[in-house]
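Listing of work.cif, mmCIF, C-alpha atoms and all ligand atoms
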data_query
#
loop_
_atom_site.label_atom_id
_atom_site.label_comp_id
_atom_site.auth_asym_id
_atom_site.auth_seq_id
_atom_site.Cartn_x
_atom_site.Cartn_y
_atom_site.Cartn_z
CA MET A 1 30.44 -12.56 21.29
CA PRO A 2 29.67 -11.45 17.68
CA SER A 3 29.56 -7.66 17.33
CA ASN A 4 25.88 -7.71 16.34
CA THR A 5 24.72 -9.64 19.43
CA PRO A 6 22.20 -7.38 21.22
CA ASP A 7 23.27 -6.00 24.59
CA PRO A 8 20.95 -7.76 27.10
CA ALA A 9 20.65 -4.79 29.49
CA ALA A 10 19.83 -2.39 26.63
CA TYR A 11 17.37 -4.95 25.24
CA PHE A 12 15.44 -5.32 28.49
CA ALA A 13 15.37 -1.55 29.10
CA PHE A 14 14.06 -0.99 25.56
CA ARG A 15 11.50 -3.78 25.95
CA ASP A 16 10.15 -2.07 29.08
CA ARG A 17 9.84 1.23 27.19
CA LEU A 18 8.01 -0.40 24.28
CA LEU A 19 5.51 -2.10 26.57
CA GLY A 20 5.27 0.96 28.88
CA PRO A 21 5.59 4.61 27.81
CA LEU A 22 5.80 3.81 24.06
CA ARG A 23 3.04 1.19 24.15
CA THR A 24 0.56 3.04 21.93
CA THR A 25 3.04 5.42 20.30
CA VAL A 26 3.77 5.14 16.59
CA LEU A 27 7.55 4.68 16.46
CA THR A 28 9.74 6.82 14.22
CA GLY A 29 11.85 5.24 11.49
CA GLU A 30 14.87 5.77 13.72
CA GLN A 31 13.20 4.00 16.66
CA LEU A 32 12.26 1.08 14.41
CA CYS A 33 15.90 0.71 13.38
CA GLU A 34 16.96 0.93 17.04
CA ALA A 35 14.43 -1.81 17.84
CA GLY A 36 15.91 -4.00 15.09
CA ARG A 37 19.38 -3.50 16.49
CA LEU A 38 18.49 -4.03 20.15
CA ILE A 39 16.19 -7.01 19.64
CA TYR A 40 17.70 -8.78 16.61
CA GLY A 41 21.26 -7.44 16.41
CA GLU A 42 20.75 -5.29 13.29
CA PRO A 43 18.12 -2.85 11.98
CA ASP A 44 17.10 -5.26 9.20
CA GLY A 45 16.29 -7.93 11.80
CA LEU A 46 13.02 -6.16 12.49
CA SER A 47 11.32 -7.05 9.22
CA LEU A 48 7.59 -7.50 8.67
CA TYR A 49 5.72 -8.33 5.45
CA GLY A 50 9.13 -8.59 3.77
CA ILE A 51 9.92 -4.96 4.66
CA PRO A 52 12.95 -4.30 6.91
CA ALA A 53 12.84 -1.49 9.48
CA PRO A 54 15.03 0.92 7.47
CA ASP A 55 12.46 0.81 4.62
CA MET A 56 9.27 0.89 6.69
CA ALA A 57 8.77 4.66 6.93
CA ALA A 58 9.21 5.15 3.17
CA LYS A 59 6.66 2.40 2.52
CA GLY A 60 4.14 3.86 4.96
CA ILE A 61 4.43 0.99 7.45
CA THR A 62 3.73 2.12 11.01
CA LEU A 63 4.22 0.18 14.23
CA LEU A 64 3.23 0.93 17.80
CA GLY A 65 5.71 0.31 20.59
CA ARG A 66 3.84 -2.75 21.86
CA THR A 67 3.57 -4.35 18.42
CA THR A 68 7.26 -3.76 17.75
CA ILE A 69 8.20 -6.04 20.65
CA GLU A 70 5.22 -8.42 20.42
CA CYS A 71 5.45 -9.15 16.69
CA SER A 72 6.85 -12.26 15.03
CA VAL A 73 9.35 -11.17 12.38
CA ASP A 74 9.82 -12.51 8.85
CA ALA A 75 12.93 -14.55 9.61
CA TYR A 76 11.05 -16.39 12.38
CA VAL A 77 7.67 -17.07 10.83
CA ALA A 78 8.66 -17.84 7.23
CA PRO A 79 10.26 -21.15 8.37
CA VAL A 80 7.15 -21.92 10.46
CA ALA A 81 5.03 -21.43 7.34
CA ASP A 82 7.36 -23.79 5.43
CA ALA A 83 7.09 -26.40 8.18
CA LEU A 84 3.30 -26.17 8.23
CA ALA A 85 3.12 -26.40 4.43
CA GLY A 86 5.19 -29.61 4.56
CA LEU A 87 2.97 -31.11 7.25
CA LEU A 88 -0.25 -30.24 5.43
CA ALA A 89 1.08 -31.70 2.19
CA SER A 90 1.56 -35.04 3.94
CA THR A 91 -1.88 -35.24 5.59
CA VAL A 92 -5.26 -35.99 4.05
CA LEU A 93 -7.61 -33.01 3.77
CA GLU A 94 -11.10 -33.76 5.07
CA GLY A 95 -14.08 -31.75 6.24
CA PRO A 96 -17.20 -29.95 5.10
CA ASP A 97 -15.38 -27.23 3.10
CA THR A 98 -12.12 -28.62 1.78
CA ASP A 99 -11.97 -25.90 -0.88
CA ALA A 100 -11.24 -23.28 1.74
CA PRO A 101 -9.28 -24.38 4.81
CA LEU A 102 -9.22 -21.65 7.45
CA ILE A 103 -6.18 -19.70 8.56
CA VAL A 104 -7.24 -17.77 11.66
CA ASP A 105 -4.92 -15.32 13.41
CA LEU A 106 -6.71 -14.97 16.74
CA PHE A 107 -4.39 -12.30 18.23
CA CYS A 108 -3.34 -10.47 15.10
CA GLY A 109 -0.96 -7.73 16.32
CA SER A 110 1.02 -6.82 13.20
CA GLY A 111 -0.63 -9.69 11.32
CA ASN A 112 2.78 -10.86 10.13
CA PHE A 113 2.32 -14.46 11.29
CA GLY A 114 -0.98 -14.75 9.44
CA TYR A 115 0.53 -12.94 6.47
CA HIS A 116 3.24 -15.57 6.08
CA LEU A 117 0.98 -18.59 6.62
CA GLY A 118 -1.61 -17.24 4.18
CA ARG A 119 1.01 -16.45 1.56
CA ARG A 120 2.87 -19.76 1.85
CA LEU A 121 -0.32 -21.84 1.81
CA ALA A 122 -2.12 -19.60 -0.69
CA LEU A 123 -5.11 -19.39 1.65
CA PRO A 124 -7.20 -16.46 2.86
CA VAL A 125 -6.65 -15.34 6.45
CA GLN A 126 -9.18 -14.13 9.01
CA ALA A 127 -7.75 -12.17 11.94
CA ALA A 128 -8.98 -10.62 15.20
CA GLU A 129 -7.40 -7.61 16.94
CA LEU A 130 -9.06 -6.14 20.01
CA ASP A 131 -6.86 -3.10 20.70
CA PRO A 132 -8.26 -0.23 18.56
CA ALA A 133 -4.84 1.43 18.21
CA VAL A 134 -3.17 -1.80 17.05
CA TYR A 135 -6.14 -2.52 14.78
CA ALA A 136 -5.81 0.92 13.10
CA THR A 137 -2.06 0.66 12.47
CA THR A 138 -2.25 -2.93 11.26
CA ARG A 139 -5.15 -2.13 9.00
CA ASN A 140 -3.10 0.69 7.47
CA ASN A 141 -0.11 -1.63 7.01
CA LEU A 142 -2.15 -4.41 5.41
CA GLU A 143 -3.66 -1.90 2.99
CA ARG A 144 -0.21 -0.55 2.13
CA ILE A 145 1.09 -4.00 1.24
CA GLY A 146 -2.12 -5.01 -0.54
CA SER A 147 -2.70 -7.94 1.82
CA ALA A 148 -5.90 -9.95 1.53
CA ILE A 149 -6.05 -10.62 5.30
CA THR A 150 -9.55 -9.86 6.61
CA LEU A 151 -8.98 -8.03 9.89
CA HIS A 152 -11.83 -7.83 12.39
CA PRO A 153 -11.76 -5.34 15.32
CA VAL A 154 -13.18 -7.93 17.71
CA ASP A 155 -12.38 -10.26 20.59
CA TYR A 156 -10.98 -13.57 19.31
CA ARG A 157 -14.03 -15.39 20.70
CA ASP A 158 -16.34 -13.36 18.47
CA LEU A 159 -14.28 -14.27 15.43
CA LEU A 160 -14.27 -17.96 16.43
CA GLY A 161 -18.06 -17.80 16.74
CA LYS A 162 -18.31 -16.66 13.13
CA LEU A 163 -16.04 -19.36 11.71
CA PRO A 164 -17.38 -22.91 11.80
CA ALA A 165 -14.81 -25.66 11.14
CA ALA A 166 -14.04 -25.94 7.43
CA SER A 167 -11.47 -28.73 7.22
CA THR A 168 -8.84 -30.80 8.98
CA HIS A 169 -6.23 -28.37 7.59
CA ASP A 170 -7.70 -25.39 9.43
CA THR A 171 -4.93 -23.63 11.34
CA TYR A 172 -5.22 -21.21 14.26
CA ILE A 173 -2.43 -18.85 15.31
CA VAL A 174 -2.47 -18.43 19.08
CA GLU A 175 -0.29 -15.55 20.26
CA PRO A 176 -1.99 -13.83 23.21
CA PRO A 177 -0.16 -11.07 25.11
CA TRP A 178 2.16 -12.53 27.74
CA GLY A 179 1.76 -9.80 30.38
CA PRO A 180 2.37 -11.32 33.83
CA ALA A 181 2.98 -14.76 32.27
CA PHE A 182 6.52 -13.61 31.37
CA THR A 183 8.60 -13.80 34.52
CA ALA A 184 12.26 -14.13 35.45
CA SER A 185 11.68 -17.86 36.00
CA GLY A 186 10.10 -18.41 32.59
CA LEU A 187 6.91 -18.11 30.57
CA ASP A 188 3.82 -19.64 32.14
CA LEU A 189 1.30 -20.22 29.34
CA THR A 190 -1.45 -20.80 31.85
CA LEU A 191 -1.07 -17.13 32.90
CA THR A 192 -1.23 -15.37 29.52
CA SER A 193 -4.21 -13.13 28.98
CA PRO A 194 -6.32 -15.06 28.22
CA PRO A 195 -4.63 -18.30 29.35
CA VAL A 196 -3.61 -20.62 26.51
CA PRO A 197 -5.61 -23.64 27.81
CA GLU A 198 -8.75 -21.47 27.77
CA ILE A 199 -8.09 -20.34 24.18
CA LEU A 200 -7.60 -23.96 23.08
CA GLN A 201 -10.91 -24.89 24.69
CA ASP A 202 -12.58 -22.00 22.85
CA ILE A 203 -11.15 -23.30 19.56
CA ARG A 204 -12.26 -26.89 20.29
CA ARG A 205 -15.82 -25.73 20.98
CA THR A 206 -16.11 -24.40 17.41
CA ARG A 207 -14.71 -27.52 15.74
CA ASP A 208 -17.64 -29.92 15.91
CA GLY A 209 -15.18 -32.76 16.52
CA LEU A 210 -12.91 -31.93 13.57
CA PRO A 211 -9.13 -31.84 14.28
CA CYS A 212 -7.09 -28.73 13.40
CA ASN A 213 -3.61 -27.25 13.71
CA VAL A 214 -2.40 -24.64 16.16
CA ALA A 215 0.70 -22.45 15.84
CA ILE A 216 2.04 -20.78 18.97
CA LYS A 217 5.02 -18.64 19.92
CA THR A 218 6.78 -19.08 23.24
CA ASN A 219 10.10 -17.96 24.62
CA ASP A 220 12.92 -20.46 25.23
CA GLN A 221 12.25 -20.80 28.97
CA ILE A 222 8.89 -22.41 29.68
CA ALA A 223 7.81 -22.30 33.31
CA HIS A 224 5.99 -25.12 35.12
CA ASP A 225 5.90 -27.39 32.05
CA SER A 226 3.06 -25.10 30.96
CA LEU A 227 3.45 -25.70 27.21
CA ALA A 228 3.04 -29.47 27.57
CA ARG A 229 0.27 -28.99 30.14
CA SER A 230 -1.61 -26.55 27.91
CA PHE A 231 -1.40 -28.95 24.96
CA ALA A 232 -2.09 -32.14 26.93
CA GLY A 233 -3.74 -34.62 24.58
CA ALA A 234 -2.62 -32.73 21.47
CA GLU A 235 0.05 -34.06 19.10
CA HIS A 236 3.26 -32.07 18.88
CA LEU A 237 4.10 -31.66 15.18
CA ALA A 238 7.15 -29.43 15.04
CA THR A 239 9.19 -26.79 16.83
CA VAL A 240 11.07 -24.07 14.99
CA THR A 241 13.90 -22.53 17.01
CA PRO A 242 15.52 -19.41 15.54
CA SER A 243 19.17 -19.11 16.57
CA PRO A 244 19.26 -17.53 20.04
CA GLN A 245 20.51 -13.93 20.18
CA LEU A 246 19.48 -12.87 23.65
CA PRO A 247 19.87 -14.34 27.15
CA TYR A 248 18.02 -17.56 27.98
CA GLY A 249 14.35 -16.66 28.45
CA ALA A 250 14.28 -13.80 25.94
CA ASN A 251 14.55 -15.79 22.68
CA MET A 252 11.58 -17.00 20.64
CA ASP A 253 10.47 -20.53 19.76
CA PHE A 254 7.53 -21.54 17.57
CA HIS A 255 5.51 -24.72 17.92
CA LEU A 256 2.94 -26.53 15.79
CA TYR A 257 0.39 -28.87 17.35
CA ARG A 258 -2.45 -31.02 16.11
CA LEU A 259 -5.52 -30.49 18.24
CA ASP A 260 -8.20 -33.18 18.37
CA GLY A 261 -11.75 -32.01 17.88
C1 LIG A 301 1.47 -10.97 21.20
S1 LIG A 301 0.53 -9.90 20.20
C2 LIG A 301 0.40 -10.79 18.70
C3 LIG A 301 1.60 -10.65 17.84
C4 LIG A 301 1.39 -11.06 16.41
N1 LIG A 301 1.35 -12.48 16.26
C5 LIG A 301 2.41 -10.43 15.49
O1 LIG A 301 3.14 -11.15 14.77
O2 LIG A 301 2.47 -9.20 15.46
C6 LIG A 301 -1.10 -10.07 20.88
C7 LIG A 301 -2.14 -9.16 20.23
O3 LIG A 301 -3.43 -9.66 20.61
C8 LIG A 301 -4.30 -8.57 20.88
N2 LIG A 301 -5.36 -9.07 21.78
C9 LIG A 301 -5.31 -9.17 23.14
N3 LIG A 301 -6.44 -9.73 23.62
C10 LIG A 301 -7.21 -10.01 22.54
C11 LIG A 301 -8.48 -10.62 22.38
N4 LIG A 301 -9.18 -11.03 23.45
N5 LIG A 301 -8.98 -10.78 21.13
C12 LIG A 301 -8.27 -10.34 20.04
N6 LIG A 301 -7.05 -9.73 20.13
C13 LIG A 301 -6.53 -9.58 21.36
C14 LIG A 301 -3.39 -7.52 21.48
O4 LIG A 301 -3.96 -6.23 21.34
C15 LIG A 301 -2.09 -7.72 20.69
O5 LIG A 301 -2.02 -6.86 19.58
#
Final structure tokens representation of the file:
Amino acid sequence: MPSNTPDPAAYFAFRDRLLGPLRTTVLTGEQLCEAGRLIYGEPDGLSLYGIPAPDMAAKGITLLGRTTIECSVDAYVAPVADALAGLLASTVLEGPDTDAPLIVDLFCGSGNFGYHLGRRLALPVQAAELDPAVYATTRNNLERIGSAITLHPVDYRDLLGKLPAASTHDTYIVEPPWGPAFTASGLDLTLTSPPVPEILQDIRRTRDGLPCNVAIKTNDQIAHDSLARSFAGAEHLATVTPSPQLPYGANMDFHLYRLDG
């Protein structure tokens, strides 16, 4: 086992603290480095907006406990952005507003997923974040890094209602909290809050028949075939699998789908 492989027991205990007592606590610089070490094997593994944990405090980046464990880090989402850019380059752009395809981060958290997609595709990003504490910290962070992401303190459905389909390159990031969907026997995407199939239906309703792309994070242990069942009828485009560090079930995977209108 490489020396920087996280200790599974310490990881799970820390995860419980981040989602429990530290849920809405702004972590110290030291705690951010500990999170990097326990989740990714080294302090620098926790890196958002191109800023590794050891540099966050000095740059005024703050993270709540929940966001620290829920976020998608640079090393994971930059390759997803590359994959999406390649796919979009090979497909014809159609729709009523082809000058401005939408990137919509429906469950913003840190905003790092939207940050990378927007940057790689050179497109503006609209994001929704319902938790006022997460909204406030993310808003601060986006200001600190000079990000052009437009962050709305609203339910994702309200944001969807404001964004009619622009083009066939529109891309939605779907990362709802897992909550009880994350169990010892795997992640059941029909039990996230809200359930993934419901979110996809909400997206479809706004599309006026126009196809779009969806990016989603899962773990590496899907329960009850719930990823395939949630995306029934959609085309699987790509899966990005960062090298596993933690026990089966605790590692992240990222998937891109094409959703019919
Ligand atoms: C799993 S995290 C997203 C992580 C994010 N992709 C990142 O890289 O940091 C889910 C986020 O969605 C927010 N959220 C939960 N329900 C929501 C809703 N109905 N509308 C908008 N945001 C919501 C939560 O407060 C939480 O910050």
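As for atom CA of Ala75 of chain A and atom CA of Leu46 of chain A, they are spaced 8.9 Å apart.
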Using only C-alpha atoms and all ligand atoms, determine which residues fall within 9 Å of ligand LIG 301 (chain A), then list them as a PDB file with C-alpha atoms, in the frame of the given file.
ATOM      1  CA  LEU A  48       7.590  -7.500   8.670  1.00  0.00           C
ATOM      2  CA  ARG A  66       3.840  -2.750  21.860  1.00  0.00           C
ATOM      3  CA  THR A  67       3.570  -4.350  18.420  1.00  0.00           C
ATOM      4  CA  THR A  68       7.260  -3.760  17.750  1.00  0.00           C
ATOM      5  CA  ILE A  69       8.200  -6.040  20.650  1.00  0.00           C
ATOM      6  CA  GLU A  70       5.220  -8.420  20.420  1.00  0.00           C
ATOM      7  CA  CYS A  71       5.450  -9.150  16.690  1.00  0.00           C
ATOM      8  CA  SER A  72       6.850 -12.260  15.030  1.00  0.00           C
ATOM      9  CA  VAL A  73       9.350 -11.170  12.380  1.00  0.00           C
ATOM     10  CA  VAL A  77       7.670 -17.070  10.830  1.00  0.00           C
ATOM     11  CA  ASP A 105      -4.920 -15.320  13.410  1.00  0.00           C
ATOM     12  CA  LEU A 106      -6.710 -14.970  16.740  1.00  0.00           C
ATOM     13  CA  PHE A 107      -4.390 -12.300  18.230  1.00  0.00           C
ATOM     14  CA  CYS A 108      -3.340 -10.470  15.100  1.00  0.00           C
ATOM     15  CA  GLY A 109      -0.960  -7.730  16.320  1.00  0.00           C
ATOM     16  CA  SER A 110       1.020  -6.820  13.200  1.00  0.00           C
ATOM     17  CA  GLY A 111      -0.630  -9.690  11.320  1.00  0.00           C
ATOM     18  CA  ASN A 112       2.780 -10.860  10.130  1.00  0.00           C
ATOM     19  CA  PHE A 113       2.320 -14.460  11.290  1.00  0.00           C
ATOM     20  CA  GLY A 114      -0.980 -14.750   9.440  1.00  0.00           C
ATOM     21  CA  TYR A 115       0.530 -12.940   6.470  1.00  0.00           C
ATOM     22  CA  ALA A 127      -7.750 -12.170  11.940  1.00  0.00           C
ATOM     23  CA  ALA A 128      -8.980 -10.620  15.200  1.00  0.00           C
ATOM     24  CA  GLU A 129      -7.400  -7.610  16.940  1.00  0.00           C
ATOM     25  CA  LEU A 130      -9.060  -6.140  20.010  1.00  0.00           C
ATOM     26  CA  ASP A 131      -6.860  -3.100  20.700  1.00  0.00           C
ATOM     27  CA  PRO A 132      -8.260  -0.230  18.560  1.00  0.00           C
ATOM     28  CA  ALA A 133      -4.840   1.430  18.210  1.00  0.00           C
ATOM     29  CA  VAL A 134      -3.170  -1.800  17.050  1.00  0.00           C
ATOM     30  CA  TYR A 135      -6.140  -2.520  14.780  1.00  0.00           C
ATOM     31  CA  THR A 138      -2.250  -2.930  11.260  1.00  0.00           C
ATOM     32  CA  HIS A 152     -11.830  -7.830  12.390  1.00  0.00           C
ATOM     33  CA  PRO A 153     -11.760  -5.340  15.320  1.00  0.00           C
ATOM     34  CA  VAL A 154     -13.180  -7.930  17.710  1.00  0.00           C
ATOM     35  CA  ASP A 155     -12.380 -10.260  20.590  1.00  0.00           C
ATOM     36  CA  TYR A 156     -10.980 -13.570  19.310  1.00  0.00           C
ATOM     37  CA  ARG A 157     -14.030 -15.390  20.700  1.00  0.00           C
ATOM     38  CA  ASP A 158     -16.340 -13.360  18.470  1.00  0.00           C
ATOM     39  CA  LEU A 159     -14.280 -14.270  15.430  1.00  0.00           C
ATOM     40  CA  ILE A 173      -2.430 -18.850  15.310  1.00  0.00           C
ATOM     41  CA  VAL A 174      -2.470 -18.430  19.080  1.00  0.00           C
ATOM     42  CA  GLU A 175      -0.290 -15.550  20.260  1.00  0.00           C
ATOM     43  CA  PRO A 176      -1.990 -13.830  23.210  1.00  0.00           C
ATOM     44  CA  PRO A 177      -0.160 -11.070  25.110  1.00  0.00           C
ATOM     45  CA  TRP A 178       2.160 -12.530  27.740  1.00  0.00           C
ATOM     46  CA  SER A 193      -4.210 -13.130  28.980  1.00  0.00           C
ATOM     47  CA  PRO A 194      -6.320 -15.060  28.220  1.00  0.00           C
ATOM     48  CA  ILE A 216       2.040 -20.780  18.970  1.00  0.00           C
ATOM     49  CA  LYS A 217       5.020 -18.640  19.920  1.00  0.00           C
TER      50      LYS A 217
END
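The nearest approach to Gly233 of chain A among the residues A:Leu259, A:Cys212, A:Met252, A:Ile203, with only C-alpha atoms taken into account, belongs to A:Leu259.
Among the candidate residues A:Val214, A:Ala9, A:Val26, A:Leu151, the one lying nearest to Asp170 of chain A is A:Val214, with distances computed using all atoms listed in the file.
Ranking A:Leu38, A:Ala215, A:Met56, A:Leu187 by their shortest atom-to-atom distance to Arg144 of chain A, with only C-alpha atoms included, puts A:Met56 first.
Put simply, atom CA of Asp82 of chain A is 25.0 Å away from atom CA of Ile61 of chain A.
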Could you please determine the separation between atom CA of Pro242 of chain A and atom CA of Val196 of chain A in Å, to one decimal place? 22.1 Å
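Comparing the minimum interatomic distances between Gly118 of chain A and each of A:Cys33, A:Leu93, A:Val80, A:Ile222, counting only C-alpha atoms, we find that A:Val80 sits nearest.
Proximity of A:Ala148, A:Ser243, A:Asp99, A:Thr62 to Ala136 of chain A, computed with only C-alpha atoms, is greatest for A:Thr62.
Of the listed residues A:Ala234, A:Ala89, A:Ala165, A:Ala122, the one whose atoms come nearest to Ile149 of chain A is A:Ala122, with distances taken using all atoms listed in the file.
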